[in-house]
>>> print(open('work-v3.tsv').read())   # TSV, C-alpha atoms (C1' of nucleotides)
chain	number	residue	atom	x	y	z
T	17	MET	CA	-7.82	46.35	3.99
T	18	SER	CA	-7.98	49.76	2.36
T	19	ALA	CA	-9.85	50.21	-0.90
T	20	HIS	CA	-6.66	51.49	-2.41
T	21	LYS	CA	-4.77	48.35	-1.60
T	22	ARG	CA	-7.61	46.10	-2.65
T	23	PHE	CA	-7.75	47.82	-6.01
T	24	ARG	CA	-4.03	47.53	-6.53
T	25	GLN	CA	-4.08	43.83	-5.76
T	26	GLY	CA	-6.91	43.39	-8.23
T	27	GLN	CA	-4.84	45.08	-10.91
T	28	ILE	CA	-1.93	42.84	-10.04
T	29	LEU	CA	-4.05	39.75	-10.52
T	30	LYS	CA	-5.22	41.04	-13.83
T	31	LEU	CA	-1.72	41.87	-15.00
T	32	VAL	CA	-0.16	38.57	-14.11
T	33	ALA	CA	-3.09	36.66	-15.59
T	34	GLY	CA	-2.23	38.19	-18.94
T	35	GLN	CA	1.33	38.50	-20.14
T	36	PRO	CA	3.95	36.90	-17.91
T	37	VAL	CA	5.65	39.33	-15.56
T	38	ALA	CA	9.31	38.57	-15.02
T	39	ASN	CA	9.92	40.18	-11.66
T	40	GLN	CA	8.65	42.64	-9.13
T	41	ASP	CA	10.30	45.59	-10.74
T	42	GLU	CA	8.61	44.88	-14.04
T	43	LEU	CA	5.33	44.60	-12.19
T	44	ARG	CA	6.05	47.93	-10.55
T	45	ARG	CA	6.65	49.55	-13.93
T	46	ARG	CA	3.41	48.16	-15.31
T	47	LEU	CA	1.49	49.52	-12.40
T	48	VAL	CA	3.02	52.92	-13.01
T	49	HIS	CA	1.44	52.81	-16.47
T	50	LEU	CA	-1.89	52.29	-14.73
T	51	GLY	CA	-1.24	55.31	-12.56
T	52	MET	CA	-0.21	53.44	-9.43
T	53	ARG	CA	3.14	54.23	-7.94
T	54	VAL	CA	4.35	51.81	-5.29
T	55	THR	CA	7.69	50.36	-4.31
T	56	GLN	CA	9.04	46.88	-4.79
T	57	ALA	CA	8.67	46.27	-1.07
T	58	THR	CA	4.94	46.72	-1.27
T	59	LEU	CA	4.72	44.37	-4.21
T	60	SER	CA	6.64	41.74	-2.33
T	61	ARG	CA	3.95	41.95	0.37
T	62	ASP	CA	1.10	41.99	-2.13
T	63	LEU	CA	2.34	38.93	-3.95
T	64	ARG	CA	2.58	36.97	-0.74
T	65	GLU	CA	-0.93	38.00	0.31
T	66	LEU	CA	-2.27	37.01	-3.08
T	67	ARG	CA	-0.39	33.70	-2.87
T	68	LEU	CA	1.23	34.23	-6.21
T	69	VAL	CA	4.47	32.38	-6.73
T	70	LYS	CA	7.24	33.15	-9.14
T	71	THR	CA	7.77	30.67	-11.94
T	72	SER	CA	9.86	30.76	-15.06
T	73	GLU	CA	6.65	31.74	-16.87
T	74	GLY	CA	5.74	34.63	-14.60
T	75	TYR	CA	3.78	34.78	-11.38
T	76	GLN	CA	1.09	32.19	-10.93
T	77	PRO	CA	-1.48	31.33	-8.33
T	78	LEU	CA	-0.22	28.34	-6.40
T	79	ARG	CA	-3.39	26.33	-5.99
T	80	ALA	CA	-5.96	26.84	-8.73
T	81	ALA	CA	-7.00	30.42	-8.22
T	82	ALA	CA	-8.52	29.64	-4.84
T	83	ALA	CA	-7.54	33.02	-3.50
T	84	VAL	CA	-8.79	34.81	-6.59
T	85	LYS	CA	-12.14	33.30	-7.18
T	86	PRO	CA	-15.20	34.75	-5.54
T	87	PRO	CA	-17.12	32.36	-3.34
T	88	VAL	CA	-19.30	29.99	-5.25
T	89	VAL	CA	-22.91	30.08	-4.31
T	90	GLU	CA	-24.80	26.88	-3.77
T	91	GLU	CA	-27.70	26.33	-6.07
T	92	THR	CA	-30.04	24.42	-3.77
T	93	ALA	CA	-33.04	26.52	-4.56
T	94	PRO	CA	-36.03	24.41	-5.49
T	95	GLN	CA	-38.10	27.00	-7.34
T	96	HIS	CA	-37.96	30.73	-6.95
T	97	SER	CA	-34.34	31.03	-6.10
T	98	LEU	CA	-34.17	34.49	-7.56
T	99	ALA	CA	-37.27	35.61	-5.73
T	100	ARG	CA	-35.80	34.47	-2.44
T	101	ALA	CA	-32.45	36.04	-3.15
T	102	LEU	CA	-34.04	39.33	-4.03
T	103	LYS	CA	-36.27	39.37	-0.99
T	104	GLU	CA	-33.37	38.56	1.23
T	105	PHE	CA	-30.72	40.85	-0.15
T	106	LEU	CA	-32.01	43.55	-2.44
T	107	LEU	CA	-31.70	47.05	-1.09
T	108	ASP	CA	-31.93	49.25	-4.14
T	109	PHE	CA	-32.54	49.21	-7.80
T	110	ARG	CA	-31.24	51.64	-10.40
T	111	PRO	CA	-31.94	51.60	-14.08
T	112	ALA	CA	-29.39	53.18	-16.40
T	113	GLN	CA	-30.16	52.84	-20.10
T	114	ASN	CA	-29.58	49.18	-20.88
T	115	MET	CA	-28.18	48.48	-17.44
T	116	LEU	CA	-29.55	47.78	-14.06
T	117	VAL	CA	-27.54	48.42	-10.94
T	118	LEU	CA	-28.59	46.53	-7.85
T	119	LYS	CA	-27.43	47.26	-4.35
T	120	THR	CA	-27.30	44.76	-1.52
T	121	PRO	CA	-25.77	44.54	1.94
T	122	PRO	CA	-22.15	43.45	1.92
T	123	GLY	CA	-21.80	39.93	0.59
T	124	GLY	CA	-25.22	39.90	-1.02
T	125	ALA	CA	-24.18	40.58	-4.59
T	126	GLN	CA	-22.90	37.15	-5.56
T	127	PRO	CA	-26.04	35.24	-4.52
T	128	ILE	CA	-28.30	37.52	-6.51
T	129	ALA	CA	-26.04	37.48	-9.55
T	130	ALA	CA	-25.89	33.71	-9.49
T	131	ALA	CA	-29.66	33.53	-9.31
T	132	VAL	CA	-30.05	35.94	-12.19
T	133	ASP	CA	-27.59	33.93	-14.27
T	134	ALA	CA	-29.50	30.76	-13.50
T	135	GLU	CA	-32.66	32.25	-15.00
T	136	HIS	CA	-31.00	32.41	-18.43
T	137	TRP	CA	-33.18	35.29	-19.48
T	138	LYS	CA	-32.54	36.10	-23.09
T	139	GLU	CA	-32.63	39.84	-22.38
T	140	VAL	CA	-29.65	39.51	-20.06
T	141	ALA	CA	-26.34	39.89	-21.84
T	142	GLY	CA	-24.46	39.26	-18.62
T	143	THR	CA	-23.97	40.13	-14.98
T	144	LEU	CA	-21.05	41.37	-12.99
T	145	ALA	CA	-21.06	41.25	-9.22
T	146	GLY	CA	-18.73	42.62	-6.61
T	147	ASP	CA	-19.41	42.55	-2.92
T	148	ASP	CA	-22.49	44.73	-2.57
T	149	THR	CA	-23.24	45.82	-6.13
T	150	ILE	CA	-24.50	43.96	-9.14
T	151	LEU	CA	-24.46	45.22	-12.69
T	152	ILE	CA	-26.91	43.55	-15.02
T	153	ILE	CA	-26.34	44.32	-18.66
T	154	ALA	CA	-29.39	43.99	-20.86
T	155	THR	CA	-29.35	43.75	-24.60
T	156	SER	CA	-31.26	47.01	-24.93
T	157	SER	CA	-33.10	49.61	-22.90
T	158	ARG	CA	-36.34	47.90	-23.70
T	159	ALA	CA	-34.94	44.58	-22.53
T	160	ARG	CA	-33.77	46.24	-19.36
T	161	ALA	CA	-37.26	47.49	-18.69
T	162	ALA	CA	-38.64	44.00	-19.14
T	163	ILE	CA	-36.12	42.54	-16.72
T	164	GLN	CA	-36.83	45.25	-14.24
T	165	LYS	CA	-40.55	44.61	-14.37
T	166	ARG	CA	-40.06	40.91	-13.91
T	167	MET	CA	-37.91	41.42	-10.87
T	168	GLU	CA	-40.36	43.86	-9.37
T	169	ASP	CA	-43.04	41.24	-9.78
T	170	LEU	CA	-40.89	38.70	-8.02
T	171	LEU	CA	-40.65	40.98	-5.03
T	172	ARG	CA	-44.38	40.94	-4.41
I	23	MET	CA	22.05	13.47	-17.07
I	24	SER	CA	24.55	11.86	-14.76
I	25	ALA	CA	23.42	9.29	-12.21
I	26	HIS	CA	24.87	11.48	-9.56
I	27	LYS	CA	22.74	14.41	-10.53
I	28	ARG	CA	19.63	12.29	-10.96
I	29	PHE	CA	20.08	10.84	-7.49
I	30	ARG	CA	20.55	14.27	-5.95
I	31	GLN	CA	17.39	15.59	-7.57
I	32	GLY	CA	15.50	12.58	-6.25
I	33	GLN	CA	16.70	13.38	-2.74
I	34	ILE	CA	15.63	16.97	-3.19
I	35	LEU	CA	12.12	15.91	-4.12
I	36	LYS	CA	11.94	13.71	-1.06
I	37	LEU	CA	13.23	16.41	1.22
I	38	VAL	CA	10.89	19.15	0.11
I	39	ALA	CA	7.91	16.78	0.19
I	40	GLY	CA	8.55	16.28	3.89
I	41	GLN	CA	9.36	19.18	6.15
I	42	PRO	CA	9.20	22.59	4.50
I	43	VAL	CA	12.56	23.89	3.38
I	44	ALA	CA	12.94	27.63	3.78
I	45	ASN	CA	15.61	28.39	1.21
I	46	GLN	CA	18.34	26.96	-0.93
I	47	ASP	CA	20.95	27.19	1.76
I	48	GLU	CA	18.84	25.15	4.14
I	49	LEU	CA	18.37	22.62	1.38
I	50	ARG	CA	22.11	22.55	0.88
I	51	ARG	CA	22.67	21.85	4.59
I	52	ARG	CA	20.17	19.00	4.56
I	53	LEU	CA	21.87	17.44	1.59
I	54	VAL	CA	25.17	17.61	3.46
I	55	HIS	CA	23.58	15.43	6.13
I	56	LEU	CA	22.84	12.93	3.41
I	57	GLY	CA	26.43	13.06	2.31
I	58	MET	CA	25.98	15.29	-0.71
I	59	ARG	CA	27.99	18.44	-0.88
I	60	VAL	CA	26.89	20.91	-3.54
I	61	THR	CA	26.69	24.66	-3.75
I	62	GLN	CA	23.67	26.92	-3.76
I	63	ALA	CA	24.20	27.59	-7.45
I	64	THR	CA	23.67	23.95	-8.30
I	65	LEU	CA	20.51	23.84	-6.21
I	66	SER	CA	19.18	26.88	-8.01
I	67	ARG	CA	19.58	24.92	-11.24
I	68	ASP	CA	18.10	21.74	-9.80
I	69	LEU	CA	15.02	23.46	-8.47
I	70	ARG	CA	14.31	25.02	-11.81
I	71	GLU	CA	14.72	21.70	-13.61
I	72	LEU	CA	12.40	20.03	-11.12
I	73	ARG	CA	9.94	22.90	-11.51
I	74	LEU	CA	9.71	23.48	-7.82
I	75	VAL	CA	8.62	26.94	-6.79
I	76	LYS	CA	9.28	28.72	-3.55
I	77	THR	CA	6.29	29.41	-1.36
I	78	SER	CA	5.92	30.63	2.19
I	79	GLU	CA	5.46	26.95	3.09
I	80	GLY	CA	8.59	25.67	1.41
I	81	TYR	CA	9.24	24.52	-2.12
I	82	GLN	CA	6.33	22.97	-3.93
I	83	PRO	CA	5.68	21.47	-7.32
I	84	LEU	CA	3.65	23.71	-9.54
I	85	ARG	CA	0.37	22.15	-10.58
I	86	ALA	CA	0.59	19.51	-13.27
I	87	ALA	CA	-0.59	21.74	-16.08
I	88	ALA	CA	2.39	24.01	-15.82
I	89	ALA	CA	4.82	21.13	-15.55
I	90	VAL	CA	3.69	19.76	-18.89
I	91	LYS	CA	4.32	23.03	-20.60
I	92	PRO	CA	6.21	22.73	-23.88
I	93	PRO	CA	9.96	23.12	-23.67
I	94	VAL	CA	11.03	26.64	-24.43
I	95	VAL	CA	13.49	25.56	-27.06
I	96	GLU	CA	11.46	26.71	-30.03
I	97	GLU	CA	11.22	30.44	-30.32
I	98	THR	CA	8.38	30.60	-32.80
I	99	ALA	CA	6.52	33.72	-33.71
I	100	PRO	CA	4.41	34.48	-30.65
I	101	GLN	CA	0.80	34.13	-31.60
I	102	HIS	CA	-1.32	37.09	-30.86
I	103	SER	CA	-1.96	37.08	-27.14
I	104	LEU	CA	-5.59	38.10	-27.44
I	105	ALA	CA	-6.19	35.51	-30.12
I	106	ARG	CA	-4.74	32.85	-27.87
I	107	ALA	CA	-6.78	33.97	-24.89
I	108	LEU	CA	-9.98	34.03	-26.91
I	109	LYS	CA	-9.42	30.63	-28.43
I	110	GLU	CA	-8.68	29.18	-25.06
I	111	PHE	CA	-11.40	30.74	-22.96
I	112	LEU	CA	-14.19	32.34	-24.90
I	113	LEU	CA	-17.57	30.64	-24.56
I	114	ASP	CA	-20.03	33.28	-25.60
I	115	PHE	CA	-20.36	36.69	-27.00
I	116	ARG	CA	-23.22	39.10	-26.47
I	117	PRO	CA	-23.51	42.58	-27.89
I	118	ALA	CA	-25.54	45.07	-25.91
I	119	GLN	CA	-25.60	48.55	-27.38
I	120	ASN	CA	-22.14	49.99	-26.78
I	121	MET	CA	-21.15	47.06	-24.67
I	122	LEU	CA	-19.91	43.58	-25.29
I	123	VAL	CA	-20.41	40.86	-22.71
I	124	LEU	CA	-18.08	37.88	-22.94
I	125	LYS	CA	-18.59	34.63	-21.08
I	126	THR	CA	-15.80	32.23	-20.16
I	127	PRO	CA	-15.34	29.21	-17.95
I	128	PRO	CA	-14.62	30.09	-14.31
I	129	GLY	CA	-11.31	31.88	-14.03
I	130	GLY	CA	-11.13	32.78	-17.70
I	131	ALA	CA	-12.31	36.35	-17.46
I	132	GLN	CA	-9.16	38.02	-16.17
I	133	PRO	CA	-6.80	36.70	-18.85
I	134	ILE	CA	-9.07	37.84	-21.65
I	135	ALA	CA	-9.63	41.22	-20.08
I	136	ALA	CA	-5.90	41.67	-19.66
I	137	ALA	CA	-5.30	40.79	-23.30
I	138	VAL	CA	-7.99	43.19	-24.46
I	139	ASP	CA	-6.48	45.93	-22.34
I	140	ALA	CA	-3.09	45.23	-23.85
I	141	GLU	CA	-4.43	45.92	-27.32
I	142	HIS	CA	-5.06	49.54	-26.44
I	143	TRP	CA	-7.84	49.74	-28.97
I	144	LYS	CA	-9.12	53.25	-29.16
I	145	GLU	CA	-12.72	52.07	-29.34
I	146	VAL	CA	-12.47	50.47	-25.92
I	147	ALA	CA	-13.41	52.80	-23.10
I	148	GLY	CA	-12.64	50.15	-20.53
I	149	THR	CA	-13.09	46.59	-19.38
I	150	LEU	CA	-14.50	45.01	-16.25
I	151	ALA	CA	-13.89	41.39	-15.45
I	152	GLY	CA	-15.18	39.13	-12.74
I	153	ASP	CA	-14.56	35.43	-12.62
I	154	ASP	CA	-16.40	34.21	-15.70
I	155	THR	CA	-17.79	37.39	-17.25
I	156	ILE	CA	-16.13	40.31	-18.97
I	157	LEU	CA	-17.76	43.60	-19.79
I	158	ILE	CA	-16.12	45.60	-22.52
I	159	ILE	CA	-17.39	49.13	-22.74
I	160	ALA	CA	-16.97	50.72	-26.14
I	161	THR	CA	-17.14	54.39	-26.92
I	162	SER	CA	-20.22	53.88	-29.08
I	163	SER	CA	-22.41	51.20	-30.59
I	164	ARG	CA	-20.51	51.58	-33.82
I	165	ALA	CA	-17.23	51.15	-31.98
I	166	ARG	CA	-18.64	48.07	-30.29
I	167	ALA	CA	-19.46	46.57	-33.67
I	168	ALA	CA	-15.92	47.20	-34.85
I	169	ILE	CA	-14.45	45.54	-31.79
I	170	GLN	CA	-16.77	42.62	-32.16
I	171	LYS	CA	-15.77	42.11	-35.76
I	172	ARG	CA	-12.13	42.27	-34.93
I	173	MET	CA	-12.51	39.64	-32.22
I	174	GLU	CA	-14.48	37.38	-34.49
I	175	ASP	CA	-11.68	37.61	-37.02
I	176	LEU	CA	-9.16	36.64	-34.37
I	177	LEU	CA	-11.09	33.48	-33.69
I	178	ARG	CA	-10.58	32.18	-37.20
F	9	DC	C1'	47.27	10.31	-28.82
F	10	DC	C1'	45.03	14.84	-30.18
F	11	DT	C1'	40.93	17.67	-30.63
F	12	DG	C1'	36.33	19.06	-30.29
F	13	DT	C1'	31.94	18.60	-27.89
F	14	DT	C1'	28.77	18.06	-24.19
F	15	DG	C1'	27.27	18.02	-19.53
F	16	DC	C1'	28.01	19.21	-14.79
F	17	DT	C1'	29.79	22.02	-11.32
F	18	DG	C1'	31.98	25.87	-8.30
F	19	DT	C1'	33.29	30.66	-7.80
F	20	DA	C1'	32.20	35.12	-7.98
F	21	DT	C1'	28.99	38.36	-8.64
F	22	DG	C1'	24.84	40.49	-10.30
F	23	DA	C1'	19.82	40.49	-9.80
F	24	DT	C1'	15.86	39.88	-7.23
F	25	DT	C1'	13.12	39.47	-3.13
F	26	DA	C1'	12.16	39.86	1.91
F	27	DT	C1'	12.45	42.35	6.12
F	28	DT	C1'	13.49	45.94	9.51
F	29	DC	C1'	12.49	50.26	11.00
F	30	DA	C1'	10.15	54.48	11.14
F	31	DA	C1'	6.51	57.38	9.66
F	32	DG	C1'	1.82	58.34	8.17
F	33	DT	C1'	-3.15	57.49	8.25
F	34	DG	C1'	-7.63	56.48	9.94
F	35	DA	C1'	-10.93	54.26	13.14
F	36	DG	C1'	-12.43	53.86	17.59
F	37	DT	C1'	-12.63	55.49	22.54
F	38	DG	C1'	-12.74	58.11	26.69
A	5	DC	C1'	-9.70	66.71	21.40
A	6	DA	C1'	-6.04	63.39	22.82
A	7	DC	C1'	-4.90	58.84	22.85
A	8	DT	C1'	-4.26	54.16	21.32
A	9	DC	C1'	-4.19	50.66	18.08
A	10	DA	C1'	-4.16	48.48	13.72
A	11	DC	C1'	-2.88	48.92	9.14
A	12	DT	C1'	-0.21	50.51	5.25
A	13	DT	C1'	3.78	52.14	3.08
A	14	DG	C1'	8.71	53.65	1.66
A	15	DA	C1'	13.66	53.65	2.35
A	16	DA	C1'	17.39	51.15	3.40
A	17	DT	C1'	19.37	46.98	3.83
A	18	DA	C1'	19.75	42.02	4.50
A	19	DA	C1'	18.82	37.68	2.58
A	20	DT	C1'	18.20	34.86	-1.10
A	21	DC	C1'	18.48	33.34	-5.80
A	22	DA	C1'	20.21	33.28	-10.74
A	23	DT	C1'	23.86	33.41	-14.00
A	24	DA	C1'	28.43	34.38	-16.52
A	25	DC	C1'	32.44	32.28	-16.79
A	26	DA	C1'	35.87	28.86	-16.41
A	27	DG	C1'	37.49	24.26	-15.21
A	28	DC	C1'	37.03	19.47	-15.54
A	29	DA	C1'	35.54	14.84	-16.89
A	30	DA	C1'	33.68	11.77	-20.24
A	31	DC	C1'	33.33	10.61	-24.74
A	32	DA	C1'	33.60	10.43	-30.02
A	33	DG	C1'	36.03	10.82	-34.30
A	34	DG	C1'	40.18	11.14	-36.72
>>> encode(input="work-v3.tsv", output="structure tokens")
Amino acid sequence: MSAHKRFRQGQILKLVAGQPVANQDELRRRLVHLGMRVTQATLSRDLRELRLVKTSEGYQPLRAAAAVKPPVVEETAPQHSLARALKEFLLDFRPAQNMLVLKTPPGGAQPIAAAVDAEHWKEVAGTLAGDDTILIIATSSRARAAIQKRMEDLLR
Amino acid sequence: MSAHKRFRQGQILKLVAGQPVANQDELRRRLVHLGMRVTQATLSRDLRELRLVKTSEGYQPLRAAAAVKPPVVEETAPQHSLARALKEFLLDFRPAQNMLVLKTPPGGAQPIAAAVDAEHWKEVAGTLAGDDTILIIATSSRARAAIQKRMEDLLR
DNA sequence: CCTGTTGCTGTATGATTATTCAAGTGAGTG
DNA sequence: CACTCACTTGAATAATCATACAGCAACAGG
């Protein structure tokens, strides 16, 4: 699956989750506004791959967003779940003002993000994880530094 | 609703619950075998009334939630889409410099992000949404405060 | 018995979606 | 490089679905 196609399908999910989209041509026009120019034929294929079905209230996922939702990570960790996740997956670490960008091997982002969330650190405003990158948003640069230090300690 | 029509719709439900039915014409042919002769146009109407949607595996009922949806008779003033999305999904709210991190239940992030995008607020540089977290990036901390205020107002 | 109203349906046709075919692209291989 | 293979896409077209309109039946009120 090309990055281009993956991105387009992500935009489609976002669009149909918001205002109802009446048909594929309307969807096509909305994508044009986002700078993506594809034909109705491609959208027909995308919608089938995304398992979106047409209803009188727009396109909807057939069975509870199963195809949309990222895999849920089991929370079996007894104690230092984050420490283990970091040791297992963390490749790189980049501070950026009040943010921290973490790199992992493919598939490693969700486990680390889940572990960070589970810590409920007050300095963490939130996390966003894709496949191999995690963005941790701290409440301030100072808070980011504190988080960073704590994670470095966990890696020892 | 005539008894005739009610009976036919009952047969339709039974048919589609069994073997998958590819399209309305196939459904029409199966009804002929049961002694009911109607046209494709009537089936189009029946399927909509029964809230069956077409999938690659035949016609299926849409999940219960959608079936309970209020009848579209009333055409009331559409409440602000963002306001609706926020009231329905928003769990938490965290400012972080020029960013705003929103938390939702699983699956709630995309609808809110879409609604925020639709506002086209000039203070919003962009949004990023995962499954239960949205990151709104504002053009400045001041802009973030303005956005935050506006969203808080919408929640009233 | 009229007359108006409502619900259901078929016909014809317009609107929407799916598919066929060919071309382009990029990864992997010898 | 030359080749193959898998994947993606657009154009054209086929297939499918939705709807405007009109007819008909049932029914209610006068």
>>> interface_residues(input="work-v3.tsv", of="chain T", to="chain I", cutoff="9 Å", atoms="all atoms listed in the file", output="PyMOL selection string")
chain T and resi 29-35+64+67-73+76+78-81+84-86+114+141-146+153-157
>>> closest_atom_pairs(input="work-v3.tsv", of="segment 23-114 of chain I", to="segment 18-35 of chain F", cutoff="10 Å", atoms="only C-alpha atoms (C1' of nucleotides)", output="JSON lines")
{"residue": "I:Val60", "atom": "CA", "partner": "F:DG18", "partner_atom": "C1'", "distance": 8.6}
{"residue": "I:Thr61", "atom": "CA", "partner": "F:DG18", "partner_atom": "C1'", "distance": 7.1}
{"residue": "I:Gln62", "atom": "CA", "partner": "F:DG18", "partner_atom": "C1'", "distance": 9.5}
{"residue": "I:Ala63", "atom": "CA", "partner": "F:DG18", "partner_atom": "C1'", "distance": 8.0}
{"residue": "I:Thr64", "atom": "CA", "partner": "F:DG18", "partner_atom": "C1'", "distance": 8.5}
>>> write_last_selection(input="work-v3.tsv", atoms="C-alpha atoms", output="PDB file, keeping the file's coordinate frame")
ATOM      1  CA  VAL I  60      26.890  20.910  -3.540  1.00  0.00           C
ATOM      2  CA  THR I  61      26.690  24.660  -3.750  1.00  0.00           C
ATOM      3  CA  GLN I  62      23.670  26.920  -3.760  1.00  0.00           C
ATOM      4  CA  ALA I  63      24.200  27.590  -7.450  1.00  0.00           C
ATOM      5  CA  THR I  64      23.670  23.950  -8.300  1.00  0.00           C
TER       6      THR I  64
END
>>> interface_residues(input="work-v3.tsv", of="chain A", to="chain T", cutoff="12 Å", atoms="all atoms listed in the file", output="list in words")
DA10, DC11, DT12, DT13, DG14, DA15, DA16, DT17, DC21 and DA22 of chain A
>>> atom_distance(input="work-v3.tsv", atom1="atom CA of Gln33 of chain I", atom2="atom C1' of DT20 of chain A")
21.6 Å
>>> calpha_fit_rmsd(input="work-v3.tsv", fixed="chain I", moving="chain T")
13.5 Å
>>> atom_distance(input="work-v3.tsv", atom1="atom CA of Tyr81 of chain I", atom2="atom CA of Leu49 of chain I")
10.0 Å
>>> interface_residues(input="work-v3.tsv", of="chain F", to="chain I", cutoff="9 Å", atoms="only C-alpha atoms (C1' of nucleotides)", output="ChimeraX atom specification")
/F:15-18
>>> atom_distance(input="work-v3.tsv", atom1="atom CA of Glu174 of chain I", atom2="atom CA of Gly26 of chain T")
28.0 Å
